[in-house]
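Okay, entry_5.csv is below, CSV, C-alpha atoms and all ligand atoms:
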chain,number,residue,atom,x,y,z
J,95,MET,CA,105.8,152.1,-62.4
J,96,LEU,CA,103.8,155.3,-62.1
J,97,HIS,CA,105.5,157.2,-64.8
J,98,GLU,CA,102.4,157.3,-67.0
J,99,PHE,CA,100.6,159.0,-64.1
J,100,ALA,CA,103.4,161.5,-63.4
J,101,ALA,CA,102.9,163.0,-66.9
J,102,LEU,CA,99.2,163.7,-66.3
J,103,ASP,CA,97.5,166.8,-64.8
J,104,PRO,CA,95.9,166.0,-61.4
J,105,LEU,CA,93.1,163.5,-61.8
J,106,ILE,CA,91.0,164.6,-58.9
J,107,GLN,CA,88.9,167.5,-60.0
J,108,ASP,CA,86.7,168.0,-56.9
J,109,HIS,CA,86.6,166.9,-53.3
J,110,VAL,CA,83.5,167.2,-51.1
J,111,HIS,CA,83.9,166.1,-47.4
J,112,CYS,CA,80.9,165.3,-45.3
J,113,ARG,CA,80.2,164.4,-41.7
J,114,THR,CA,79.1,160.8,-41.2
J,115,ASP,CA,77.3,158.8,-38.5
J,116,PRO,CA,80.0,157.2,-36.3
J,117,GLY,CA,77.6,154.7,-34.7
J,118,PRO,CA,76.4,151.2,-35.6
J,119,TYR,CA,74.1,150.5,-38.6
J,120,PRO,CA,71.2,152.8,-37.8
J,121,PRO,CA,67.7,151.3,-37.3
J,122,ALA,CA,66.4,153.9,-39.8
J,123,LEU,CA,68.7,152.5,-42.4
J,124,ASP,CA,67.4,149.0,-41.7
J,125,LYS,CA,64.2,150.2,-43.3
J,126,VAL,CA,66.1,151.4,-46.4
J,127,LEU,CA,68.2,148.2,-46.7
J,128,PRO,CA,67.2,145.6,-44.1
J,129,VAL,CA,69.8,143.3,-42.6
J,130,THR,CA,67.4,140.4,-43.1
J,131,MET,CA,67.4,141.1,-46.9
J,132,MET,CA,71.2,141.2,-46.9
J,133,GLN,CA,71.2,137.8,-45.2
J,134,GLU,CA,68.6,136.5,-47.7
J,135,ALA,CA,70.7,137.7,-50.6
J,136,GLN,CA,73.8,136.0,-49.1
J,137,CYS,CA,71.9,132.6,-48.7
J,138,GLU,CA,70.4,132.7,-52.1
J,139,ILE,CA,73.3,134.0,-54.2
J,140,THR,CA,75.8,131.5,-52.8
J,141,GLN,CA,73.5,128.7,-54.1
J,142,TRP,CA,73.7,129.9,-57.7
J,143,PRO,CA,75.4,127.8,-60.4
J,144,GLY,CA,79.0,129.0,-60.7
J,145,TYR,CA,79.0,130.9,-57.5
J,146,ALA,CA,82.5,131.5,-55.9
J,147,PRO,CA,83.7,134.5,-54.0
J,148,SER,CA,85.6,136.8,-56.3
J,149,THR,CA,89.4,136.9,-55.7
J,150,LEU,CA,90.8,139.5,-53.3
J,151,HIS,CA,94.2,140.4,-54.7
J,152,SER,CA,96.9,142.4,-52.8
J,153,LEU,CA,98.6,145.0,-55.0
J,154,LYS,CA,101.7,144.9,-52.9
J,155,THR,CA,104.2,146.7,-55.2
J,156,LEU,CA,101.8,149.5,-55.7
J,157,ALA,CA,101.1,149.8,-52.0
J,158,ASP,CA,104.8,150.1,-51.3
J,159,GLU,CA,105.3,152.7,-54.0
J,160,LEU,CA,102.4,154.8,-52.6
J,161,GLU,CA,103.5,154.2,-49.0
J,162,LEU,CA,100.3,152.6,-48.0
J,163,GLY,CA,99.9,149.6,-45.8
J,164,THR,CA,97.9,147.3,-48.2
J,165,ILE,CA,95.8,147.8,-51.3
J,166,TYR,CA,93.2,145.1,-51.9
J,167,TYR,CA,91.7,144.7,-55.3
J,168,LYS,CA,88.5,142.6,-55.4
J,169,ASP,CA,88.3,141.2,-58.9
J,170,GLU,CA,84.7,141.3,-60.0
J,171,ALA,CA,85.8,140.6,-63.6
J,172,GLU,CA,85.4,136.9,-62.5
J,173,ARG,CA,81.8,137.1,-61.3
J,174,PHE,CA,79.6,134.4,-62.9
J,175,GLY,CA,81.6,134.7,-66.2
J,176,LEU,CA,79.8,138.0,-66.8
J,177,ALA,CA,82.8,140.3,-66.4
J,178,SER,CA,81.2,142.5,-63.7
J,179,PHE,CA,79.7,142.5,-60.2
J,180,LYS,CA,76.3,143.3,-61.5
J,181,ALA,CA,74.6,139.9,-61.5
J,182,LEU,CA,74.8,139.9,-57.7
J,183,GLY,CA,72.1,142.6,-57.8
J,184,GLY,CA,70.1,142.2,-61.0
J,185,ALA,CA,69.6,138.5,-61.0
J,186,PHE,CA,68.7,138.5,-57.3
J,187,ALA,CA,66.1,141.3,-58.0
J,188,ILE,CA,64.6,139.3,-60.8
J,189,LEU,CA,64.1,136.3,-58.6
J,190,LYS,CA,62.5,138.5,-55.9
J,191,LEU,CA,60.2,140.1,-58.5
J,192,LEU,CA,59.1,136.6,-59.7
J,193,GLN,CA,58.5,135.4,-56.1
J,194,HIS,CA,56.3,138.5,-55.5
J,195,GLU,CA,54.4,138.1,-58.8
J,196,ILE,CA,53.9,134.3,-58.4
J,197,GLY,CA,52.6,135.0,-54.9
J,198,ASN,CA,50.1,137.6,-56.2
J,199,ARG,CA,48.9,135.2,-58.9
J,200,THR,CA,48.7,132.0,-57.0
J,201,GLY,CA,48.2,133.2,-53.4
J,202,SER,CA,51.1,131.2,-52.1
J,203,ARG,CA,54.7,132.2,-51.3
J,204,VAL,CA,57.2,130.2,-53.2
J,205,SER,CA,60.9,129.9,-52.5
J,206,LEU,CA,63.6,131.5,-54.7
J,207,ALA,CA,65.1,128.1,-55.1
J,208,SER,CA,61.9,126.7,-56.6
J,209,ILE,CA,61.8,129.5,-59.2
J,210,ARG,CA,65.5,128.8,-60.1
J,211,ASN,CA,64.7,125.1,-60.3
J,212,GLY,CA,62.0,125.7,-62.9
J,213,GLU,CA,59.1,124.7,-60.7
J,214,HIS,CA,57.0,127.7,-61.9
J,215,SER,CA,58.3,127.9,-65.4
J,216,LYS,CA,54.8,128.4,-67.0
J,217,ILE,CA,54.1,131.6,-65.0
J,218,CYS,CA,57.7,132.8,-65.3
J,219,ARG,CA,57.4,132.7,-69.1
J,220,THR,CA,54.6,135.2,-68.9
J,221,ILE,CA,56.5,137.8,-66.8
J,222,THR,CA,58.7,140.0,-68.9
J,223,VAL,CA,61.5,142.0,-67.2
J,224,ALA,CA,62.9,145.1,-68.8
J,225,SER,CA,65.5,147.8,-68.1
J,226,ALA,CA,67.7,150.5,-69.6
J,227,THR,CA,71.4,149.9,-69.2
J,228,ALA,CA,74.9,151.0,-70.2
J,229,GLY,CA,75.7,147.4,-70.6
J,230,ASN,CA,76.7,145.6,-67.4
J,231,HIS,CA,73.3,145.8,-65.7
J,232,GLY,CA,71.6,144.6,-68.8
J,233,ARG,CA,74.0,141.7,-69.1
J,234,SER,CA,73.3,140.7,-65.5
J,235,LEU,CA,69.5,140.9,-66.1
J,236,ALA,CA,69.8,138.8,-69.3
J,237,TRP,CA,71.7,136.2,-67.2
J,238,GLY,CA,69.2,136.4,-64.3
J,239,ALA,CA,66.2,136.1,-66.7
J,240,GLN,CA,67.8,133.0,-68.2
J,241,LEU,CA,68.4,131.6,-64.7
J,242,ALA,CA,64.8,132.3,-63.8
J,243,GLY,CA,63.2,131.4,-67.2
J,244,CYS,CA,61.5,134.7,-68.0
J,245,PRO,CA,61.7,137.0,-71.1
J,246,CYS,CA,64.0,140.1,-70.9
J,247,LYS,CA,64.0,143.4,-72.9
J,248,ILE,CA,67.0,145.7,-72.6
J,249,PHE,CA,67.2,149.3,-73.7
J,250,ILE,CA,70.6,150.8,-74.7
J,251,HIS,CA,71.6,154.3,-75.8
J,252,ALA,CA,73.8,155.4,-78.6
J,253,GLY,CA,77.1,155.3,-76.6
J,254,VAL,CA,76.7,151.5,-75.8
J,255,GLY,CA,78.9,149.5,-78.2
J,256,ASP,CA,77.9,146.5,-80.2
J,257,ALA,CA,80.1,144.1,-78.2
J,258,ARG,CA,77.9,144.9,-75.1
J,259,ARG,CA,74.8,144.5,-77.2
J,260,GLN,CA,75.9,141.1,-78.5
J,261,ALA,CA,76.8,139.9,-75.0
J,262,MET,CA,73.2,140.6,-73.9
J,263,GLU,CA,71.6,139.1,-77.0
J,264,SER,CA,73.7,135.9,-76.5
J,265,LEU,CA,72.1,135.5,-73.1
J,266,GLY,CA,68.7,135.5,-74.8
J,267,ALA,CA,67.6,139.2,-74.2
J,268,GLU,CA,66.0,141.3,-76.8
J,269,VAL,CA,68.0,144.5,-77.1
J,270,ILE,CA,66.5,147.8,-78.2
J,271,ARG,CA,68.6,150.8,-79.1
J,272,VAL,CA,67.2,154.3,-78.4
J,273,GLU,CA,68.4,157.9,-79.0
J,274,GLY,CA,70.0,160.1,-76.4
J,275,ASN,CA,72.0,159.3,-73.3
J,276,TYR,CA,71.6,156.8,-70.4
J,277,ASP,CA,69.0,158.9,-68.7
J,278,ASP,CA,66.9,159.1,-71.9
J,279,SER,CA,67.1,155.3,-72.2
J,280,VAL,CA,65.8,155.0,-68.6
J,281,HIS,CA,62.8,157.2,-69.4
J,282,HIS,CA,62.1,155.4,-72.7
J,283,ALA,CA,62.2,151.9,-71.1
J,284,ALA,CA,59.8,153.1,-68.3
J,285,ARG,CA,57.2,154.4,-70.9
J,286,LEU,CA,57.3,151.3,-73.0
J,287,ALA,CA,57.2,148.9,-70.0
J,288,ALA,CA,54.1,150.8,-68.7
J,289,ASP,CA,52.4,150.3,-72.1
J,290,GLN,CA,53.2,146.6,-72.4
J,291,GLY,CA,52.9,145.4,-68.8
J,292,TRP,CA,56.6,144.6,-68.5
J,293,PHE,CA,58.3,144.8,-65.2
J,294,ILE,CA,61.1,147.3,-64.9
J,295,VAL,CA,64.1,146.0,-63.0
J,296,SER,CA,66.2,149.1,-62.6
J,297,ASP,CA,69.2,149.6,-60.3
J,298,THR,CA,68.2,153.3,-59.8
J,299,SER,CA,65.4,154.1,-57.3
J,300,TYR,CA,63.1,157.1,-57.5
J,301,PRO,CA,60.0,158.1,-55.6
J,302,GLY,CA,57.5,155.2,-56.1
J,303,TYR,CA,60.1,152.8,-57.4
J,304,LEU,CA,62.1,151.3,-54.5
J,305,ASP,CA,61.7,147.5,-54.3
J,306,ARG,CA,64.0,146.3,-57.1
J,307,PRO,CA,66.8,148.8,-56.4
J,308,ARG,CA,66.7,147.8,-52.7
J,309,GLU,CA,67.0,144.1,-53.6
J,310,ILE,CA,69.8,144.9,-56.0
J,311,MET,CA,71.8,146.7,-53.3
J,312,ALA,CA,71.1,143.7,-51.0
J,313,GLY,CA,72.7,141.5,-53.6
J,314,TYR,CA,75.8,143.8,-53.7
J,315,THR,CA,76.3,143.4,-50.0
J,316,VAL,CA,77.6,139.9,-50.7
J,317,MET,CA,80.9,141.5,-51.8
J,318,ALA,CA,81.4,143.1,-48.4
J,319,ARG,CA,80.6,139.8,-46.7
J,320,GLU,CA,83.1,138.0,-48.9
J,321,VAL,CA,85.9,140.4,-48.0
J,322,ILE,CA,85.1,140.2,-44.3
J,323,ALA,CA,85.1,136.3,-44.5
J,324,ALA,CA,88.5,136.3,-46.4
J,325,LEU,CA,90.4,138.5,-43.8
J,326,LYS,CA,91.4,138.4,-40.2
J,327,SER,CA,90.0,141.3,-38.1
J,328,GLU,CA,93.4,143.1,-38.1
J,329,GLU,CA,93.6,142.8,-41.9
J,330,LEU,CA,90.1,144.4,-42.6
J,331,PRO,CA,90.1,147.5,-44.8
J,332,THR,CA,90.5,150.9,-43.1
J,333,HIS,CA,89.3,152.6,-46.3
J,334,ILE,CA,87.1,151.6,-49.3
J,335,PHE,CA,87.2,153.6,-52.6
J,336,LEU,CA,83.9,152.9,-54.4
J,337,GLN,CA,83.1,154.1,-57.9
J,338,THR,CA,79.5,155.2,-58.5
J,339,GLY,CA,77.0,155.6,-61.2
J,340,CYS,CA,73.7,155.9,-59.5
J,341,GLY,CA,75.3,154.9,-56.2
J,342,GLY,CA,73.8,151.4,-55.7
J,343,LEU,CA,77.1,149.5,-55.7
J,344,ALA,CA,78.7,151.9,-53.2
J,345,ALA,CA,75.6,152.0,-51.0
J,346,GLY,CA,75.3,148.2,-51.0
J,347,VAL,CA,79.0,147.5,-50.2
J,348,ALA,CA,79.2,150.3,-47.6
J,349,ALA,CA,76.0,149.0,-45.9
J,350,GLY,CA,77.3,145.5,-46.0
J,351,PHE,CA,80.4,146.6,-44.1
J,352,TRP,CA,78.5,148.8,-41.8
J,353,SER,CA,75.9,146.2,-40.8
J,354,GLU,CA,78.6,143.6,-40.2
J,355,LEU,CA,81.4,145.7,-38.6
J,356,GLY,CA,79.4,148.5,-36.9
J,357,VAL,CA,81.5,151.3,-35.5
J,358,ASP,CA,84.6,149.6,-37.0
J,359,ARG,CA,83.4,150.0,-40.5
J,360,PRO,CA,85.9,151.4,-43.0
J,361,HIS,CA,86.2,155.1,-44.2
J,362,VAL,CA,84.1,155.3,-47.4
J,363,VAL,CA,85.4,157.4,-50.3
J,364,ILE,CA,83.1,157.8,-53.3
J,365,ILE,CA,84.6,158.2,-56.8
J,366,GLU,CA,82.8,159.4,-59.9
J,367,PRO,CA,83.6,160.9,-63.3
J,368,ALA,CA,83.8,164.7,-63.2
J,369,ASP,CA,81.4,164.7,-66.1
J,370,ALA,CA,78.7,162.8,-64.1
J,371,ALA,CA,79.2,164.2,-60.6
J,372,CYS,CA,75.7,163.6,-59.2
J,373,LEU,CA,76.9,162.2,-55.9
J,374,ALA,CA,79.4,164.9,-55.2
J,375,GLU,CA,76.7,167.5,-56.0
J,376,SER,CA,74.3,165.7,-53.7
J,377,ALA,CA,76.9,165.7,-51.0
J,378,ARG,CA,77.6,169.4,-51.5
J,379,ASN,CA,73.9,170.3,-51.4
J,380,GLY,CA,72.9,167.9,-48.6
J,381,ARG,CA,70.2,166.3,-50.8
J,382,ALA,CA,69.9,164.0,-53.9
J,383,THR,CA,70.8,166.3,-56.8
J,384,ALA,CA,70.8,165.4,-60.5
J,385,TYR,CA,73.8,166.4,-62.7
J,386,HIS,CA,73.3,167.3,-66.3
J,387,ILE,CA,75.7,165.2,-68.4
J,388,GLU,CA,77.2,167.1,-71.3
J,389,ASN,CA,80.1,164.8,-72.1
J,390,GLU,CA,79.9,161.0,-71.7
J,391,SER,CA,82.8,159.8,-69.6
J,392,MET,CA,84.7,156.8,-71.0
J,393,MET,CA,83.8,155.2,-67.6
J,394,LEU,CA,80.5,154.3,-69.2
J,395,GLY,CA,79.0,152.4,-66.3
J,396,LEU,CA,79.6,155.5,-64.1
J,397,SER,CA,78.2,158.0,-66.6
J,398,CYS,CA,74.9,158.5,-64.7
J,399,GLY,CA,73.4,161.9,-63.8
J,400,GLU,CA,70.7,160.8,-61.4
J,401,VAL,CA,71.3,159.5,-57.9
J,402,SER,CA,69.4,156.5,-56.7
J,403,ILE,CA,67.4,158.0,-53.8
J,404,LEU,CA,67.8,154.8,-51.6
J,405,ALA,CA,71.5,154.7,-52.2
J,406,TRP,CA,71.8,158.4,-51.3
J,407,GLU,CA,69.9,157.7,-48.0
J,408,ILE,CA,72.7,155.3,-47.1
J,409,LEU,CA,75.7,157.2,-48.5
J,410,GLU,CA,74.8,160.5,-46.9
J,411,GLN,CA,75.2,158.8,-43.6
J,412,CYS,CA,78.3,156.8,-44.2
J,413,ALA,CA,80.4,158.3,-47.1
J,414,ALA,CA,82.9,160.8,-45.7
J,415,ASP,CA,84.5,161.9,-49.0
J,416,TYR,CA,83.4,162.4,-52.6
J,417,LEU,CA,86.1,162.7,-55.3
J,418,THR,CA,85.4,163.4,-58.9
J,419,ILE,CA,88.1,162.4,-61.4
J,420,SER,CA,88.9,163.2,-65.1
J,421,ASP,CA,89.1,160.3,-67.6
J,422,ASP,CA,92.8,160.7,-68.1
J,423,GLY,CA,93.9,158.3,-65.4
J,424,VAL,CA,91.7,155.4,-66.7
J,425,PRO,CA,93.9,154.1,-69.5
J,426,PRO,CA,97.1,154.2,-67.4
J,427,ALA,CA,95.3,152.4,-64.5
J,428,MET,CA,94.1,149.7,-66.9
J,429,ARG,CA,97.6,149.2,-68.3
J,430,LEU,CA,99.1,149.2,-64.8
J,431,LEU,CA,96.9,146.2,-63.9
J,432,ALA,CA,97.4,144.5,-67.2
J,433,THR,CA,101.1,144.4,-66.8
J,434,GLY,CA,101.0,143.0,-63.3
J,435,ALA,CA,103.3,145.8,-62.2
J,436,ALA,CA,101.0,146.7,-59.3
J,437,GLY,CA,101.9,143.4,-57.7
J,438,GLY,CA,100.5,139.9,-58.0
J,439,ARG,CA,99.5,138.6,-61.4
J,440,PRO,CA,98.3,140.7,-64.4
J,441,LEU,CA,94.6,141.7,-63.9
J,442,VAL,CA,91.9,142.7,-66.4
J,443,GLY,CA,90.2,146.0,-65.3
J,444,GLY,CA,87.7,147.8,-67.6
J,445,GLU,CA,87.2,151.5,-67.8
J,446,SER,CA,84.7,151.8,-65.0
J,447,GLY,CA,86.4,149.1,-63.0
J,448,VAL,CA,89.6,151.0,-62.4
J,449,ALA,CA,88.1,154.3,-61.3
J,450,GLY,CA,88.9,153.7,-57.7
J,451,LEU,CA,92.4,152.7,-58.5
J,452,ALA,CA,93.1,155.8,-60.6
J,453,ALA,CA,91.6,158.0,-57.8
J,454,LEU,CA,93.7,156.2,-55.1
J,455,ILE,CA,96.9,156.7,-57.0
J,456,ASP,CA,96.3,160.4,-57.4
J,457,ALA,CA,95.0,160.9,-53.8
J,458,ALA,CA,97.9,159.0,-52.2
J,459,GLN,CA,100.5,161.0,-54.1
J,460,GLY,CA,98.9,164.5,-53.5
J,461,SER,CA,99.7,165.6,-50.0
J,462,ASN,CA,96.5,167.5,-49.5
J,463,HIS,CA,94.3,164.6,-50.4
J,464,ARG,CA,96.5,162.1,-48.6
J,465,THR,CA,96.0,164.1,-45.4
J,466,ALA,CA,92.4,164.8,-45.9
J,467,LEU,CA,91.6,161.2,-46.5
J,468,HIS,CA,93.8,160.0,-43.6
J,469,LEU,CA,95.9,157.8,-45.9
J,470,ASP,CA,99.2,156.7,-44.5
J,471,ASN,CA,101.5,153.7,-44.3
J,472,ARG,CA,99.0,151.8,-42.0
J,473,SER,CA,96.1,152.3,-44.4
J,474,ARG,CA,94.5,149.1,-45.8
J,475,VAL,CA,92.5,150.3,-48.9
J,476,LEU,CA,89.9,148.2,-50.6
J,477,LEU,CA,89.2,148.7,-54.3
J,478,ILE,CA,86.4,147.0,-56.0
J,479,GLY,CA,87.5,146.0,-59.5
J,480,SER,CA,83.9,146.3,-60.7
J,481,GLU,CA,84.4,145.1,-64.3
J,482,GLY,CA,86.8,143.4,-66.6
J,483,ALA,CA,86.9,143.8,-70.3
J,484,THR,CA,83.2,144.3,-70.8
J,485,SER,CA,84.0,146.0,-74.2
J,486,PRO,CA,86.8,143.8,-75.5
J,487,ASP,CA,87.5,146.1,-78.5
J,488,ILE,CA,88.0,149.2,-76.3
J,489,TYR,CA,90.1,147.1,-73.8
J,490,GLU,CA,92.4,146.0,-76.6
J,491,GLN,CA,92.8,149.6,-78.0
J,492,ILE,CA,93.7,150.9,-74.5
J,493,VAL,CA,95.9,148.0,-73.2
J,494,GLY,CA,97.5,147.1,-76.5
J,495,HIS,CA,96.5,143.5,-76.5
J,496,ALA,CA,93.3,141.4,-76.3
J,497,VAL,CA,92.2,139.8,-73.0
J,498,GLN,CA,94.4,136.7,-72.6
J,501,LIG,C1,81.6,148.4,-63.9
J,501,LIG,C2,80.8,149.3,-63.1
J,501,LIG,N1,81.2,149.8,-62.0
J,501,LIG,C3,80.5,150.6,-61.2
J,501,LIG,C4,79.2,150.9,-61.5
J,501,LIG,C5,78.4,151.8,-60.6
J,501,LIG,O1,77.3,151.2,-60.0
J,501,LIG,P1,76.1,152.0,-59.5
J,501,LIG,O2,75.4,152.5,-60.7
J,501,LIG,O3,75.2,151.0,-58.8
J,501,LIG,O4,76.6,153.1,-58.7
J,501,LIG,C6,78.6,150.4,-62.7
J,501,LIG,C7,77.2,150.7,-63.0
J,501,LIG,O5,76.7,150.2,-64.0
J,501,LIG,C8,79.4,149.6,-63.5
J,501,LIG,O6,79.0,149.0,-64.6
Can you dump the structure from the file as structure tokens?
Amino acid sequence: MLHEFAALDPLIQDHVHCRTDPGPYPPALDKVLPVTMMQEAQCEITQWPGYAPSTLHSLKTLADELELGTIYYKDEAERFGLASFKALGGAFAILKLLQHEIGNRTGSRVSLASIRNGEHSKICRTITVASATAGNHGRSLAWGAQLAGCPCKIFIHAGVGDARRQAMESLGAEVIRVEGNYDDSVHHAARLAADQGWFIVSDTSYPGYLDRPREIMAGYTVMAREVIAALKSEELPTHIFLQTGCGGLAAGVAAGFWSELGVDRPHVVIIEPADAACLAESARNGRATAYHIENESMMLGLSCGEVSILAWEILEQCAADYLTISDDGVPPAMRLLATGAAGGRPLVGGESGVAGLAALIDAAQGSNHRTALHLDNRSRVLLIGSEGATSPDIYEQIVGHAVQ
């Protein structure tokens, strides 16, 4: 089953290990990502049309082959029909932004449900949200803006394909293409939004811009809560492999587990492309550090050179290991899922969505990494399948058939 991987050079390019806080969710982090906000996100998101927990698959055949206890694969390709986990964060942040703005303009605090139900539609139509994106965040914002009834402007860079552009436009967003890479599109969006009075809803935090990324991470904690609700205590993951762009997904999921499970939280392993290793560099330097991207990884959603400072505040305390991987393992990992050979039924994993799987396969087979990450036949490893075929054309080229 793993013959495609056997033919490859080692996928893991770098490994940085860090000390973590062994205690319960620290009060200092409750200011970074408050437990009350995680609870609010849970109550709100579970009311949205089409909400259902994403499926937690067990990749039994692969776990046996790698001599691991269990491999869980949480399939975010199903989320709200948008093919990625992102709406959990982006749409929640839009609703929180509108709540805040309506409060400022009317002097009264309105509920998130009343916004969703169209009770403030006149004001909502005058509040424009905007963001840069590699695709998935923009799609989630377009969906959230439609849910909330506000206009949405999305900035994409040259590497973002037309299928992703169309997906956002079909949800009613205006999509603007700019030159350069992802980080250039972030700066462009920020400048134009400041000129036009639009509200940036970015998943990356930086000094002076914290509220929306915090809410986005709060939305992502729902994934951790769903996993905890689906399993008995003796089945809970011992490890989570979390792929990162700016770090929001990993920080949200890790904080969700930490706040719920305290000292019994799983061992957090961060995965990123070797070509966009901002978190591994941050871990090495002990402070948030940017990484200059020269080659865009095929894991487009992870090709991000700037760490979200809020995410870093969480991860530096709870992520024990940072692995960077080459792109080579991505196509075989996608094909492995697509055939169903890993166990269970065939699954659709996109390029960024399978990063954790590719890293786990390499780590579990390499004795040094296996020992360093404490992986053995009792390990229960959670992977977040963070996207499905978000670029259907690329998916088809890699897997050999269209999404069925
Ligand atoms: C599919 C997918 N997985 C993972 C990530 C990483 O999320 P974050 O940037 O919050 O670290 C992204 C980001 O866009 C993504 O699109």
Nearest to ligand LIG 501 (chain J) among J:Thr220, J:Ser327, J:Thr298, J:Gln459, with distances taken over all atoms listed in the file: which residue is it?
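Smallest distance to ligand LIG 501 (chain J) is found for J:Thr298.
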Selection as a ChimeraX atom specification: residues within 7 Å of ligand LIG 501 (chain J) by all atoms listed in the file
/J:178,228,230-231,297,337-344,395-396,446-447,480-481
Interatomic distance between atom CA of J:Ala496 and atom CA of J:Ser397?
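Atom CA of J:Ala496 sits 24.4 Å away from atom CA of J:Ser397.
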So which one's closest to J:Ser152, J:Gly399, J:Gly460, J:Gly438, J:Gly197? Using all atoms listed in the file, please.
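Among the listed residues, J:Gly438 lies closest to J:Ser152.
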Counting all atoms listed in the file, what is within 8 Å of J:Lys154, bar same-chain residues fewer than 6 positions away, as an mmCIF file with C-alpha atoms, in the coordinates of the input?
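Output below, filename around_25.cif:
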data_model
loop_
_atom_site.group_PDB
_atom_site.id
_atom_site.type_symbol
_atom_site.label_atom_id
_atom_site.label_comp_id
_atom_site.auth_asym_id
_atom_site.auth_seq_id
_atom_site.Cartn_x
_atom_site.Cartn_y
_atom_site.Cartn_z
ATOM 1 C CA THR J 164 97.900 147.300 -48.200
ATOM 2 C CA ILE J 165 95.800 147.800 -51.300
ATOM 3 C CA ALA J 436 101.000 146.700 -59.300
ATOM 4 C CA GLY J 437 101.900 143.400 -57.700
ATOM 5 C CA GLY J 438 100.500 139.900 -58.000
#
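Between J:Ala370 and the candidates J:Leu150, J:Asp277, J:Leu430, J:Val442, the tightest atom-to-atom separation, counting only C-alpha atoms, involves J:Asp277.
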Could you make a table, as a tab-separated table, of the residues of stretch 267-346 of chain J that have an atom within 12 Å of an atom of stretch 113-126 of chain J, each with its nearest atom pair and distance in Å to one decimal, counting all atoms listed in the file, in chain and number order?
residue	atom	partner	partner_atom	distance
J:Ser299	CA	J:Val126	CA	11.3
J:Leu304	CA	J:Val126	CA	9.0
J:Asp305	CA	J:Val126	CA	9.8
J:Pro307	CA	J:Val126	CA	10.4
J:Arg308	CA	J:Val126	CA	7.3
J:Glu309	CA	J:Val126	CA	10.3
J:Met311	CA	J:Val126	CA	10.1
J:Ala312	CA	J:Val126	CA	10.3
J:Ala345	CA	J:Val126	CA	10.6
J:Gly346	CA	J:Val126	CA	10.8
Which residue out of J:Arg233, J:Arg464, J:His386, J:His194 has the minimum interatomic distance to J:Leu162 when all atoms listed in the file are used?
J:Arg464
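Ranking J:Ala349, J:Leu394, J:Thr465, J:Phe335 by their shortest atom-to-atom distance to J:Ile250, with all atoms listed in the file included, puts J:Leu394 first.
For the pair atom CA of J:Ser225 and atom CA of J:Ile248, the interatomic distance is 5.2 Å.
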Of J:Ala239, J:Ala224, J:Ala449, J:Ala374, the one nearest to J:Ser279 when counting only C-alpha atoms is J:Ala224
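The space separating atom CA of J:Pro425 from atom CA of J:Ile492 comes to 5.9 Å.
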Kindly provide, as a PDB file with C-alpha atoms, in the coordinates of the input, the polymer residues lying within 12 Å of (66.4, 159.3, -64.5), counting all atoms listed in the file and using the coordinates exactly as they appear in the file.
ATOM      1  CA  ALA J 226      67.700 150.500 -69.600  1.00  0.00           C
ATOM      2  CA  THR J 227      71.400 149.900 -69.200  1.00  0.00           C
ATOM      3  CA  ASN J 275      72.000 159.300 -73.300  1.00  0.00           C
ATOM      4  CA  TYR J 276      71.600 156.800 -70.400  1.00  0.00           C
ATOM      5  CA  ASP J 277      69.000 158.900 -68.700  1.00  0.00           C
ATOM      6  CA  ASP J 278      66.900 159.100 -71.900  1.00  0.00           C
ATOM      7  CA  SER J 279      67.100 155.300 -72.200  1.00  0.00           C
ATOM      8  CA  VAL J 280      65.800 155.000 -68.600  1.00  0.00           C
ATOM      9  CA  HIS J 281      62.800 157.200 -69.400  1.00  0.00           C
ATOM     10  CA  HIS J 282      62.100 155.400 -72.700  1.00  0.00           C
ATOM     11  CA  ALA J 283      62.200 151.900 -71.100  1.00  0.00           C
ATOM     12  CA  ALA J 284      59.800 153.100 -68.300  1.00  0.00           C
ATOM     13  CA  SER J 296      66.200 149.100 -62.600  1.00  0.00           C
ATOM     14  CA  ASP J 297      69.200 149.600 -60.300  1.00  0.00           C
ATOM     15  CA  THR J 298      68.200 153.300 -59.800  1.00  0.00           C
ATOM     16  CA  SER J 299      65.400 154.100 -57.300  1.00  0.00           C
ATOM     17  CA  TYR J 300      63.100 157.100 -57.500  1.00  0.00           C
ATOM     18  CA  PRO J 301      60.000 158.100 -55.600  1.00  0.00           C
ATOM     19  CA  TYR J 303      60.100 152.800 -57.400  1.00  0.00           C
ATOM     20  CA  GLY J 339      77.000 155.600 -61.200  1.00  0.00           C
ATOM     21  CA  CYS J 340      73.700 155.900 -59.500  1.00  0.00           C
ATOM     22  CA  CYS J 372      75.700 163.600 -59.200  1.00  0.00           C
ATOM     23  CA  THR J 383      70.800 166.300 -56.800  1.00  0.00           C
ATOM     24  CA  ALA J 384      70.800 165.400 -60.500  1.00  0.00           C
ATOM     25  CA  TYR J 385      73.800 166.400 -62.700  1.00  0.00           C
ATOM     26  CA  HIS J 386      73.300 167.300 -66.300  1.00  0.00           C
ATOM     27  CA  ILE J 387      75.700 165.200 -68.400  1.00  0.00           C
ATOM     28  CA  CYS J 398      74.900 158.500 -64.700  1.00  0.00           C
ATOM     29  CA  GLY J 399      73.400 161.900 -63.800  1.00  0.00           C
ATOM     30  CA  GLU J 400      70.700 160.800 -61.400  1.00  0.00           C
ATOM     31  CA  VAL J 401      71.300 159.500 -57.900  1.00  0.00           C
ATOM     32  CA  SER J 402      69.400 156.500 -56.700  1.00  0.00           C
ATOM     33  CA  ILE J 403      67.400 158.000 -53.800  1.00  0.00           C
TER      34      ILE J 403
END
